[in-house]
Amino acid sequence: MKLEEGDVVLCTVDRIVGTVVFVKIHSFFSEKTEKEGSIVLSEIAPGRIRNLRDYVVPKKKIVCKVLRISGDHIELSLRRVTQKERKEVMERYKQEKSLRNIFKSIIGEETEKIIDKLTQEESLYDFLERAKEDPEILKSLVGKEKAEKILDILKSQKQKKAVIKKEIVLKSYSPNGLEIIKNILGKIKKSTGAEIRYVSAGRYSLKTEAEDIKSADKNLKEIFLEIEKESKAAGAEFGIK
């Protein structure tokens, strides 16, 4: 598992020694913990910490950011992880865990050996997405009967959509400003399918969804670019809250 400064990783709290928290860092593609990292008190949370265990306790899973790497010593931060980053990593973890359970229910004791083999270069989720398009790659690993059972379960599962909501400011000081705003938002809704709701004067909420949090976030950024383009063309004022 190769780590770089700035990476956001899933960790399990191992032990607390004084004001230093030691964690096991999970492999990027699996639940295995291959490296150890440490978090100093100032990187746990902003401001004064009255009780360290309000934030970290042994065996708790947390999302951290890699600050520095010096040989085998990895310094991490808990407080510098954004809410979006934390949500994305935890959703990915839950997704991978669910897929592993499906494998285990069909394959049994050979599960870890097979998953270790197929996650050398990609996540279990990415592998199974490819397997949906090309079932032969799964059949070659687990056999036709087991592969078909796994794919049947995946097809029957209702995928939970990742949803992102954001508030924007959209104003026009033209005499027909209300009509300009309605036209801009109407175009955006028609071209992107985003859900747009009125909040208060000049403020609107946007909601978009996708198969995963990363895709939903990408969709929202593309919507913002389109609104910005339409607003400039119409002489309207656009901002993101």
# chains A, B, ... in the order shown; residues from 1 in each chain; ligands from 1
>>> residues_around(residues="Ser215 in chain A", least_positions_apart="6", cutoff="12 Å", atoms="only C-alpha atoms", output="PDB file with C-alpha atoms, in the first residue's frame")
ATOM      1  CA  GLU A  88     -16.912   9.450   0.855  1.00  0.00           C
ATOM      2  CA  LYS A 161     -28.151   6.711  -4.378  1.00  0.00           C
ATOM      3  CA  ALA A 162     -25.612   9.191  -3.053  1.00  0.00           C
ATOM      4  CA  VAL A 163     -27.236  12.596  -2.603  1.00  0.00           C
ATOM      5  CA  ILE A 164     -25.552  16.014  -2.320  1.00  0.00           C
ATOM      6  CA  THR A 208     -28.243  15.991  -7.223  1.00  0.00           C
ATOM      7  CA  GLU A 209     -27.772  12.230  -6.905  1.00  0.00           C
ATOM      8  CA  LYS A 221     -19.642  20.881  -9.939  1.00  0.00           C
ATOM      9  CA  GLU A 222     -20.735  20.562 -13.576  1.00  0.00           C
TER      10      GLU A 222
END
>>> residues_around(residues="Tyr173 in chain A", least_positions_apart="6", cutoff="10 Å", atoms="only C-alpha atoms", output="number ranges by chain")
A: 180, 235-237
>>> closest_residue(among="A:Ala234, A:Pro46, A:Asp72, A:Ile106", to="Glu179 in chain A", atoms="only C-alpha atoms")
A:Ala234
>>> closest_residue(among="A:Asp217, A:Glu228, A:Glu122, A:Glu129", to="Leu170 in chain A", atoms="only C-alpha atoms")
A:Glu228
>>> closest_residue(among="A:Ile227, A:Val40, A:Val13, A:Ile49", to="Lys189 in chain A", atoms="only C-alpha atoms")
A:Ile227
>>> atom_distance(atom1="CA of Lys2 in chain A", atom2="CA of Lys117 in chain A")
17.5 Å
>>> select_by_dssp(residues="range 83-202 of chain A", states="helix (DSSP H, G or I)", output="ChimeraX atom specification")
/A:83-118,124-133,136-142,144-156,177-192
>>> residues_around(residues="range 145-152 of chain A", least_positions_apart="6", cutoff="7 Å", atoms="only C-alpha atoms", output="PyMOL selection string")
chain A and resi 102-103+106+132+138-139
>>> write_last_selection(atoms="C-alpha atoms", output="mmCIF file, in the first residue's frame")
data_model
loop_
_atom_site.group_PDB
_atom_site.id
_atom_site.type_symbol
_atom_site.label_atom_id
_atom_site.label_comp_id
_atom_site.auth_asym_id
_atom_site.auth_seq_id
_atom_site.Cartn_x
_atom_site.Cartn_y
_atom_site.Cartn_z
ATOM 1 C CA ILE A 102 -21.931 -11.364 -0.380
ATOM 2 C CA PHE A 103 -18.726 -13.137 -1.428
ATOM 3 C CA ILE A 106 -21.401 -17.795 -1.606
ATOM 4 C CA LYS A 132 -21.265 -7.222 -14.494
ATOM 5 C CA LEU A 138 -15.532 -13.635 -12.200
ATOM 6 C CA LYS A 139 -16.261 -17.148 -13.461
#
